[in-house]
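Text of protein-v6.cif (mmCIF, C-alpha atoms) as supplied:
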```cif
data_input
#
loop_
_atom_site.label_atom_id
_atom_site.label_comp_id
_atom_site.auth_asym_id
_atom_site.auth_seq_id
_atom_site.Cartn_x
_atom_site.Cartn_y
_atom_site.Cartn_z
CA MET J 1 0.00 0.00 0.00
CA ARG J 2 2.80 2.44 0.88
CA ARG J 3 4.45 1.64 -2.46
CA ILE J 4 1.22 2.40 -4.37
CA VAL J 5 0.75 5.70 -2.53
CA ALA J 6 4.34 6.67 -3.33
CA ILE J 7 3.84 5.90 -7.01
CA VAL J 8 0.61 7.96 -7.13
CA LEU J 9 2.30 10.90 -5.40
CA ALA J 10 5.21 10.71 -7.82
CA VAL J 11 2.83 10.81 -10.78
CA PHE J 12 1.05 13.88 -9.37
CA LEU J 13 4.40 15.54 -8.64
CA ILE J 14 5.71 14.94 -12.15
CA GLY J 15 2.42 16.15 -13.60
CA GLY J 16 2.57 19.30 -11.48
CA VAL J 17 6.14 20.05 -12.53
CA ALA J 18 5.23 19.50 -16.17
CA ALA J 19 2.23 21.80 -15.86
CA ALA J 20 4.36 24.46 -14.23
CA VAL J 21 6.95 24.21 -17.02
CA VAL J 22 4.25 24.54 -19.70
CA ALA J 23 2.65 27.48 -17.90
CA GLY J 24 6.04 29.14 -17.54
CA ARG J 25 6.74 28.74 -21.24
CA GLU J 26 3.36 30.14 -22.14
CA GLU J 27 3.94 33.11 -19.88
CA GLN J 28 7.40 33.65 -21.36
CA ASP J 29 6.02 33.44 -24.89
CA LYS J 30 3.32 35.93 -23.96
CA SER J 31 5.85 38.37 -22.46
CA THR J 32 8.15 38.26 -25.52
CA ALA J 33 5.42 38.16 -28.16
CA THR J 34 5.43 41.18 -30.46
CA LYS J 35 2.83 42.85 -32.63
CA THR J 36 3.98 43.59 -36.17
CA VAL J 37 2.94 47.12 -37.05
CA LEU J 38 3.12 48.49 -40.60
CA GLY J 39 3.50 52.19 -41.33
CA VAL J 40 4.48 54.72 -43.97
CA ILE J 41 6.88 57.41 -42.76
CA GLY J 42 8.72 60.50 -43.98
CA SER J 43 12.25 59.69 -45.14
CA GLU J 44 13.81 61.93 -42.47
CA LYS J 45 12.67 59.39 -39.83
CA ALA J 46 14.04 56.32 -41.62
CA GLU J 47 17.32 56.29 -39.68
CA PHE J 48 15.48 56.65 -36.38
CA PHE J 49 13.30 53.60 -36.96
CA ALA J 50 16.24 51.62 -38.37
CA ASP J 51 18.38 52.30 -35.29
CA PRO J 52 19.02 48.94 -33.53
CA ASP J 53 18.45 50.61 -30.16
CA VAL J 54 15.04 51.87 -31.31
CA VAL J 55 14.19 48.41 -32.65
CA LYS J 56 15.20 46.93 -29.29
CA ALA J 57 13.24 49.50 -27.26
CA LEU J 58 10.10 48.88 -29.32
CA ALA J 59 10.52 45.11 -29.06
CA ALA J 60 10.72 45.45 -25.28
CA LYS J 61 7.28 47.05 -25.43
CA GLY J 62 5.94 44.33 -27.72
CA TYR J 63 6.31 45.93 -31.17
CA THR J 64 8.02 44.97 -34.39
CA LEU J 65 7.86 47.74 -36.97
CA LYS J 66 7.87 47.54 -40.73
CA THR J 67 8.07 50.91 -42.48
CA GLU J 68 8.03 52.36 -45.98
CA THR J 69 9.04 55.92 -46.85
CA SER J 70 7.11 58.57 -48.75
CA GLY J 71 6.98 62.33 -49.13
CA SER J 72 4.61 63.66 -46.48
CA TRP J 73 2.21 65.30 -48.93
CA ALA J 74 2.46 62.35 -51.31
CA MET J 75 0.95 60.09 -48.62
CA GLU J 76 -2.48 61.43 -49.50
CA GLY J 77 -2.29 59.64 -52.84
CA LEU J 78 -1.34 56.26 -51.34
CA ASP J 79 -3.73 53.43 -50.61
CA LEU J 80 -3.17 52.93 -46.89
CA LYS J 81 -5.52 50.00 -46.49
CA GLY J 82 -3.74 47.40 -44.37
CA TYR J 83 -1.41 49.94 -42.75
CA ASP J 84 -1.48 50.65 -39.02
CA PHE J 85 -0.26 54.23 -39.19
CA ALA J 86 1.07 57.03 -41.35
CA PHE J 87 3.73 59.36 -39.97
CA PRO J 88 4.12 62.54 -42.05
CA SER J 89 6.43 65.34 -41.02
CA SER J 90 3.89 67.98 -40.08
CA GLN J 91 0.37 68.46 -38.82
CA ALA J 92 -1.22 69.75 -42.05
CA PRO J 93 -0.81 66.56 -44.13
CA ALA J 94 -1.57 64.51 -41.01
CA ASP J 95 -4.90 66.31 -40.52
CA GLU J 96 -5.72 65.73 -44.16
CA LEU J 97 -5.04 62.00 -43.84
CA ALA J 98 -7.02 61.88 -40.59
CA ALA J 99 -10.04 63.41 -42.34
CA LYS J 100 -9.71 61.04 -45.28
CA TYR J 101 -9.62 57.93 -43.07
CA ASP J 102 -11.97 59.25 -40.38
CA VAL J 103 -9.32 59.09 -37.64
CA ARG J 104 -10.32 60.53 -34.28
CA GLN J 105 -8.44 63.45 -32.80
CA PRO J 106 -6.16 64.25 -31.10
CA LEU J 107 -3.30 62.81 -33.15
CA PRO J 108 -0.09 61.87 -31.32
CA ARG J 109 2.77 64.33 -32.00
CA PRO J 110 5.88 62.74 -30.48
CA PHE J 111 8.50 65.27 -31.61
CA TYR J 112 9.22 68.25 -33.83
CA SER J 113 12.04 70.03 -35.65
CA PRO J 114 12.41 73.58 -37.00
CA LEU J 115 13.52 74.19 -40.57
CA VAL J 116 17.00 75.67 -41.02
CA VAL J 117 19.25 76.72 -43.89
CA VAL J 118 22.64 75.02 -44.08
CA ALA J 119 25.55 76.79 -45.78
CA HIS J 120 29.29 76.55 -45.99
CA ARG J 121 31.18 79.25 -44.15
CA SER J 122 32.07 81.17 -47.29
CA ALA J 123 28.43 81.46 -48.41
CA ALA J 124 27.23 82.37 -44.90
CA GLY J 125 29.91 85.08 -44.67
CA VAL J 126 28.87 86.66 -47.95
CA LEU J 127 25.21 86.67 -46.86
CA ALA J 128 26.17 88.38 -43.59
CA ASP J 129 28.28 91.00 -45.40
CA ASN J 130 25.27 91.87 -47.54
CA GLY J 131 22.63 92.09 -44.80
CA LEU J 132 21.01 88.75 -45.58
CA ALA J 133 22.21 87.02 -42.41
CA THR J 134 23.76 87.74 -39.04
CA LEU J 135 26.72 85.61 -38.12
CA PRO J 136 28.71 85.21 -34.89
CA ALA J 137 32.36 84.24 -34.83
CA LYS J 138 31.53 80.63 -35.71
CA GLY J 139 28.74 78.09 -35.78
CA ASN J 140 25.11 79.07 -36.17
CA GLY J 141 23.55 82.37 -37.17
CA MET J 142 20.28 83.96 -38.29
CA PHE J 143 18.91 84.08 -41.82
CA ARG J 144 16.99 87.30 -42.54
CA MET J 145 13.92 86.17 -44.44
CA ALA J 146 12.56 89.59 -45.46
CA ALA J 147 15.92 90.69 -46.89
CA TYR J 148 16.30 87.40 -48.72
CA LEU J 149 12.80 87.57 -50.25
CA LYS J 150 13.53 91.11 -51.46
CA ALA J 151 16.73 89.87 -53.11
CA ALA J 152 14.96 86.87 -54.63
CA GLY J 153 12.19 89.09 -55.98
CA ALA J 154 14.83 91.24 -57.69
CA ASP J 155 16.56 88.16 -59.20
CA ARG J 156 19.80 88.92 -57.39
CA THR J 157 22.83 86.80 -58.26
CA TRP J 158 25.75 85.82 -56.09
CA GLN J 159 28.00 87.91 -58.33
CA GLN J 160 26.04 91.02 -57.29
CA LEU J 161 26.89 90.45 -53.63
CA LYS J 162 30.07 92.04 -52.34
CA GLY J 163 32.74 89.56 -51.40
CA ALA J 164 31.34 86.74 -53.55
CA GLU J 165 34.11 87.25 -56.12
CA ARG J 166 36.55 85.67 -53.68
CA HIS J 167 34.66 82.36 -53.83
CA GLY J 168 34.45 80.72 -57.23
CA GLU J 169 31.72 78.32 -56.11
CA LEU J 170 29.33 81.22 -55.47
CA SER J 171 27.81 82.04 -58.83
CA GLY J 172 24.43 82.21 -60.53
CA THR J 173 21.07 83.17 -59.08
CA LEU J 174 20.80 83.43 -55.31
CA PHE J 175 18.31 80.84 -54.03
CA ILE J 176 17.67 78.22 -51.37
CA SER J 177 17.37 74.61 -52.52
CA THR J 178 14.25 72.94 -51.17
CA THR J 179 12.27 69.79 -51.76
CA ASP J 180 9.25 69.71 -54.07
CA PRO J 181 6.46 71.53 -52.18
CA THR J 182 3.72 69.52 -53.91
CA SER J 183 4.95 66.24 -52.43
CA SER J 184 7.35 67.03 -49.58
CA ASN J 185 6.70 68.62 -46.22
CA SER J 186 9.84 70.76 -45.94
CA GLY J 187 9.24 72.37 -49.33
CA ALA J 188 5.63 73.16 -48.44
CA LEU J 189 6.57 74.63 -45.05
CA TYR J 190 9.17 76.81 -46.79
CA LEU J 191 6.38 78.37 -48.85
CA ALA J 192 4.25 78.77 -45.74
CA ALA J 193 6.96 80.79 -43.97
CA ALA J 194 7.99 82.75 -47.08
CA SER J 195 4.41 83.72 -47.97
CA TYR J 196 3.77 84.78 -44.36
CA VAL J 197 6.74 87.17 -44.44
CA ALA J 198 6.04 88.38 -47.98
CA ASP J 199 2.41 89.21 -47.12
CA GLY J 200 3.28 91.37 -44.12
CA GLY J 201 2.90 88.75 -41.42
CA ARG J 202 -0.45 87.40 -42.60
CA VAL J 203 -1.12 83.68 -42.89
CA ALA J 204 -2.66 82.74 -46.24
CA ASP J 205 -6.35 82.01 -45.75
CA GLY J 206 -7.66 81.55 -49.27
CA THR J 207 -7.21 82.13 -52.99
CA ALA J 208 -6.92 85.93 -52.68
CA ALA J 209 -4.02 85.57 -50.24
CA VAL J 210 -2.34 82.98 -52.46
CA ASN J 211 -2.70 85.37 -55.42
CA ARG J 212 -0.88 88.15 -53.55
CA THR J 213 2.32 86.14 -53.13
CA ALA J 214 2.06 83.69 -56.04
CA PRO J 215 4.54 85.48 -58.37
CA LEU J 216 7.24 85.51 -55.69
CA MET J 217 6.55 81.93 -54.59
CA ARG J 218 6.83 80.91 -58.25
CA LYS J 219 10.25 82.56 -58.46
CA LEU J 220 11.48 80.80 -55.32
CA ILE J 221 10.62 77.40 -56.79
CA SER J 222 11.17 77.79 -60.56
CA VAL J 223 14.76 78.99 -60.17
CA GLN J 224 15.65 75.64 -58.57
CA GLY J 225 14.93 73.50 -61.60
CA ALA J 226 14.43 69.82 -60.76
CA GLN J 227 13.70 69.29 -57.07
CA GLN J 228 14.16 66.25 -54.89
CA THR J 229 11.28 64.74 -52.94
CA SER J 230 13.44 63.92 -49.91
CA SER J 231 15.16 66.35 -47.56
CA ASP J 232 17.39 63.48 -46.51
CA ALA J 233 18.84 63.18 -50.02
CA ALA J 234 19.33 66.95 -50.30
CA PHE J 235 21.17 67.07 -46.97
CA ARG J 236 23.44 64.16 -47.91
CA ASP J 237 24.32 65.91 -51.16
CA PHE J 238 25.21 69.08 -49.27
CA ILE J 239 27.41 67.26 -46.75
CA SER J 240 29.22 65.47 -49.58
CA GLY J 241 30.06 68.85 -51.11
CA VAL J 242 27.75 68.93 -54.14
CA GLY J 243 24.71 70.99 -54.98
CA ASN J 244 23.58 74.51 -54.16
CA PRO J 245 25.39 76.65 -51.53
CA LEU J 246 22.15 77.09 -49.53
CA VAL J 247 19.92 74.13 -48.67
CA LEU J 248 16.78 73.97 -46.54
CA VAL J 249 16.81 70.99 -44.15
CA TYR J 250 15.46 69.96 -40.77
CA GLU J 251 17.46 70.91 -37.69
CA SER J 252 17.13 67.27 -36.65
CA GLN J 253 19.30 66.20 -39.58
CA VAL J 254 22.12 68.47 -38.41
CA ALA J 255 21.71 67.53 -34.74
CA SER J 256 21.76 63.82 -35.59
CA LEU J 257 24.98 64.19 -37.55
CA LEU J 258 26.60 66.01 -34.63
CA ALA J 259 25.40 63.39 -32.14
CA GLN J 260 27.08 60.70 -34.24
CA GLY J 261 30.37 62.57 -34.00
CA GLN J 262 30.69 62.92 -37.76
CA GLU J 263 32.95 65.54 -39.28
CA VAL J 264 30.94 68.55 -40.49
CA GLY J 265 33.75 70.72 -41.85
CA ASP J 266 32.76 74.37 -42.25
CA LEU J 267 29.03 73.67 -41.94
CA THR J 268 27.12 76.74 -40.77
CA VAL J 269 23.51 76.52 -39.61
CA LEU J 270 21.36 79.58 -40.32
CA TYR J 271 18.06 79.74 -38.44
CA PRO J 272 15.50 81.78 -40.44
CA ASP J 273 14.21 84.61 -38.27
CA THR J 274 10.78 83.44 -39.44
CA THR J 275 10.47 79.71 -39.94
CA ALA J 276 8.03 76.84 -39.57
CA ASN J 277 8.27 73.92 -37.19
CA SER J 278 7.82 70.45 -38.54
CA ASP J 279 5.47 68.72 -36.07
CA HIS J 280 5.95 65.03 -36.79
CA THR J 281 2.43 63.68 -36.36
CA VAL J 282 1.21 60.08 -36.21
CA VAL J 283 -2.02 59.26 -38.02
CA PRO J 284 -3.28 56.05 -36.36
CA LEU J 285 -5.20 53.83 -38.76
CA THR J 286 -5.64 51.01 -36.23
CA ASP J 287 -5.61 50.67 -32.44
CA GLU J 288 -2.04 49.32 -32.68
CA GLY J 289 -1.01 52.40 -34.63
CA ARG J 290 -2.45 54.73 -31.98
CA ALA J 291 -0.79 52.79 -29.17
CA LEU J 292 2.53 53.08 -31.01
CA GLY J 293 2.11 56.83 -31.47
CA GLU J 294 1.38 57.33 -27.78
CA LEU J 295 4.35 55.13 -26.86
CA LEU J 296 6.68 57.28 -28.98
CA SER J 297 5.35 60.33 -27.14
CA THR J 298 5.62 59.06 -23.57
CA ASP J 299 8.27 56.34 -23.28
CA LYS J 300 11.44 57.76 -21.71
CA GLU J 301 13.81 55.52 -23.65
CA LEU J 302 12.19 56.26 -27.00
CA ARG J 303 12.18 60.01 -26.27
CA LYS J 304 15.87 59.78 -25.44
CA LEU J 305 16.53 57.97 -28.71
CA ALA J 306 14.50 60.56 -30.64
CA VAL J 307 16.79 63.26 -29.24
CA ARG J 308 19.81 61.23 -30.31
CA HIS J 309 18.43 61.46 -33.82
CA GLY J 310 18.10 65.22 -33.52
CA PHE J 311 14.38 65.58 -32.81
CA ARG J 312 12.94 67.82 -30.12
CA PRO J 313 10.41 65.85 -27.98
CA GLN J 314 7.07 67.57 -27.43
CA GLY J 315 6.32 68.96 -24.00
CA THR J 316 9.74 69.92 -22.66
CA SER J 317 13.03 71.32 -23.91
CA ALA J 318 15.17 69.84 -21.12
CA GLU J 319 15.92 66.56 -22.89
CA PHE J 320 17.08 68.23 -26.10
CA THR J 321 19.05 70.93 -24.26
CA ALA J 322 20.93 68.41 -22.13
CA ALA J 323 21.70 66.08 -25.04
CA THR J 324 23.02 68.84 -27.33
CA ALA J 325 25.00 70.79 -24.74
CA ALA J 326 28.26 70.00 -26.55
CA HIS J 327 26.98 71.30 -29.89
CA THR J 328 25.78 74.85 -29.13
CA THR J 329 28.31 76.12 -31.66
CA TYR J 330 26.00 74.76 -34.35
CA LEU J 331 22.59 74.61 -32.68
CA ASN J 332 20.35 77.37 -31.36
CA GLN J 333 19.01 75.30 -28.47
CA LYS J 334 16.40 77.78 -27.27
CA LEU J 335 15.52 79.05 -30.78
CA THR J 336 16.38 82.55 -29.60
CA GLY J 337 15.30 85.17 -32.13
CA VAL J 338 13.28 82.69 -34.18
CA ARG J 339 9.66 83.55 -34.95
CA GLN J 340 7.24 80.73 -35.64
CA SER J 341 5.16 81.17 -38.78
CA PRO J 342 1.57 79.89 -38.73
CA VAL J 343 0.88 77.25 -41.37
CA PRO J 344 -2.08 77.71 -43.74
CA ALA J 345 -4.83 75.12 -43.88
CA SER J 346 -3.83 72.14 -45.99
CA LYS J 347 -6.16 73.08 -48.85
CA VAL J 348 -4.63 76.56 -49.09
CA LEU J 349 -1.09 75.23 -48.81
CA HIS J 350 -1.80 72.73 -51.59
CA GLU J 351 -3.01 75.54 -53.82
CA MET J 352 0.05 77.63 -53.00
CA ALA J 353 2.38 74.73 -53.83
CA ARG J 354 0.63 73.99 -57.13
CA ARG J 355 0.83 77.63 -58.15
CA ALA J 356 4.49 77.82 -57.17
CA ARG J 357 5.35 74.76 -59.22
CA GLY J 358 3.46 76.20 -62.21
#
```

Structure rendered as structure tokens:
Amino acid sequence: MRRIVAIVLAVFLIGGVAAAVVAGREEQDKSTATKTVLGVIGSEKAEFFADPDVVKALAAKGYTLKTETSGSWAMEGLDLKGYDFAFPSSQAPADELAAKYDVRQPLPRPFYSPLVVVAHRSAAGVLADNGLATLPAKGNGMFRMAAYLKAAGADRTWQQLKGAERHGELSGTLFISTTDPTSSNSGALYLAAASYVADGGRVADGTAAVNRTAPLMRKLISVQGAQQTSSDAAFRDFISGVGNPLVLVYESQVASLLAQGQEVGDLTVLYPDTTANSDHTVVPLTDEGRALGELLSTDKELRKLAVRHGFRPQGTSAEFTAATAAHTTYLNQKLTGVRQSPVPASKVLHEMARRARG
């Protein structure tokens, strides 16, 4: 009898251990299981989402991301059925997508970045000598939008600027290279800021307002010839030493390069005295997409990684200020002297871009 009882107890014990092992495995599988989330993003965020540390941080929260890139304004023409989110580079195209797909507000806005003009030291110096910029001893300076728009309206060339003759690379019409405003966010925001300044500090609110600045906006774009759809490509061209002397990019692209410790040579960052912020805005198309957008906004590790890629997290400046303390030569941390231009409604901005492209 004692032997039978022992055998029965052993069977129950083995069964209990086995059950515990199975339950433990199930719990482990549940804790490491990830949701695959598909999204379309602006190209300027591609490096952020490809960062192994970002991939790891998202996996720790249960997410595996698959992304495709597109110009922010071009996203409107995509079929986003089957996607979990879209992530354009500003609020205007995001609101348009939200209306198209009946997405409830508010939309998560994890981080932002102001637009800046990058120049080599020689070009920045000539601009400063001719009243088009203010420049300290080194590093970053201010780009005077009103003075530049006056020069652009008069078809000024580099050769007409004093001091340009000392720099053979400075020739031809004076202009800022931008992305295509009909498909790319940075190009569209450039027109928003330029039209605001050109129209005496009034945000375009309809066709009449677009008509007032259309000839000048057309000049700003037509002089560029073929335009790229990606600010990332334009910035890489500038850093490699090719292309126009003045290029409009996101501050985040400069800050990211500095954070990586890459050599920037005589790079000079000019902050337009009137510019537009690029509010990177998530358009959730599913519950998973909304949860991801909120995670990007609130998770400390992901906010820290966003700063490493040059973005300014929404809600506080402390994270960005602390992380870029070593790079104040190039970055205007507090955006001192920078005025924020309102952005027209998406319909108006679309009309402005179409007119500018001709």

- Considering all atoms listed in the file, state which residue in the set J:Ala233, J:Val103, J:Ala356, J:Ala123 is at the smallest distance from Asp84 in chain J.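 Going through J:Ala233, J:Val103, J:Ala356, J:Ala123 one by one, the smallest distance to Asp84 in chain J is for J:Val103.
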
- Task: Check which residues satisfy the PyMOL selection byres ((chain J and resi 303) around 12) in the file shown, then give them as a ChimeraX atom specification.
- Result: /J:48,53-54,57-58,109-112,293-302,304-320,323

- Message: With the PyMOL selection byres ((chain J and resi 279) around 8) as the selection, what would be picked from this file? Answer as a PyMOL selection string, please.
- Response: chain J and resi 89-91+109+111-113+277-278+280-281

- Message: Could you tell me, as a list in words, exactly which residues end up selected when the PyMOL selection byres ((chain J and resi 223) around 12) is applied to this structure?
- Response: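 Checking the PyMOL selection byres ((chain J and resi 223) around 12) against this file, the residues are Ala152, Gly153, Asp155, Arg156, Thr157, Gly172, Thr173, Leu174, Phe175, Ile176, Ser177, Thr178, Leu216, Met217, Arg218, Lys219, Leu220, Ile221, Ser222, Gln224, Gly225, Ala226, Gln227, Asn244, Ala356, Arg357 and Gly358 of chain J.
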
- Neighbours of range 160-164 of chain J within 12 Å (only C-alpha atoms; same-chain residues fewer than 4 positions away dropped), as a list in words?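 The residues that qualify are Ser122, Ala123, Ala124, Gly125, Val126, Leu127, Ala128, Asp129, Asn130, Gly131, Leu132, Ala151, Ala154, Asp155, Arg156, Gly168, Glu169, Leu170, Ser171, Gly172, Thr173, Leu174 and Pro245 of chain J.
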
- Message: Applying 12 Å and all atoms listed in the file, which residues near Val283 in chain J remain after dropping the ones on its own chain fewer than 5 positions away? List them as a PyMOL selection string.
- Response: chain J and resi 39-41+72+75-76+80+83-110+288-294

- Message: Could you tell me how far CA of Ile239 in chain J sits from CA of Val264 in chain J, in Å to one decimal place?
- Response: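 For CA of Val264 in chain J relative to CA of Ile239 in chain J, the distance reads 7.3 Å.
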
- What is the CA of Ala60 in chain J-CA of Glu47 in chain J distance in Å, reported with one decimal?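 So the answer is 19.2 Å.
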
- Message: What's the separation between CA of Thr329 in chain J and CA of Leu267 in chain J, in Å to one decimal place?
- Response: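 If I compute the distance from CA of Thr329 in chain J to CA of Leu267 in chain J, I get 10.6 Å.
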
- Item | Spatial neighbours of Asp266 in chain J, 9 Å, only C-alpha atoms, chain gap at least 6 places, as a list of chain:residue names |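 The neighbour list is J:Ala119, J:His120, J:Arg121, J:Ser122, J:Gly139.
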
Around all the atoms of range 245-254 of chain J listed in the file, with 6 Å of room on each side, what axis-aligned box do you get, giving centre and edge lengths in Å to one decimal, as AutoDock Vina command-line options?
```
--center_x 20.4 --center_y 71.6 --center_z -44.1 --size_x 21.9 --size_y 22.9 --size_z 26.9
```
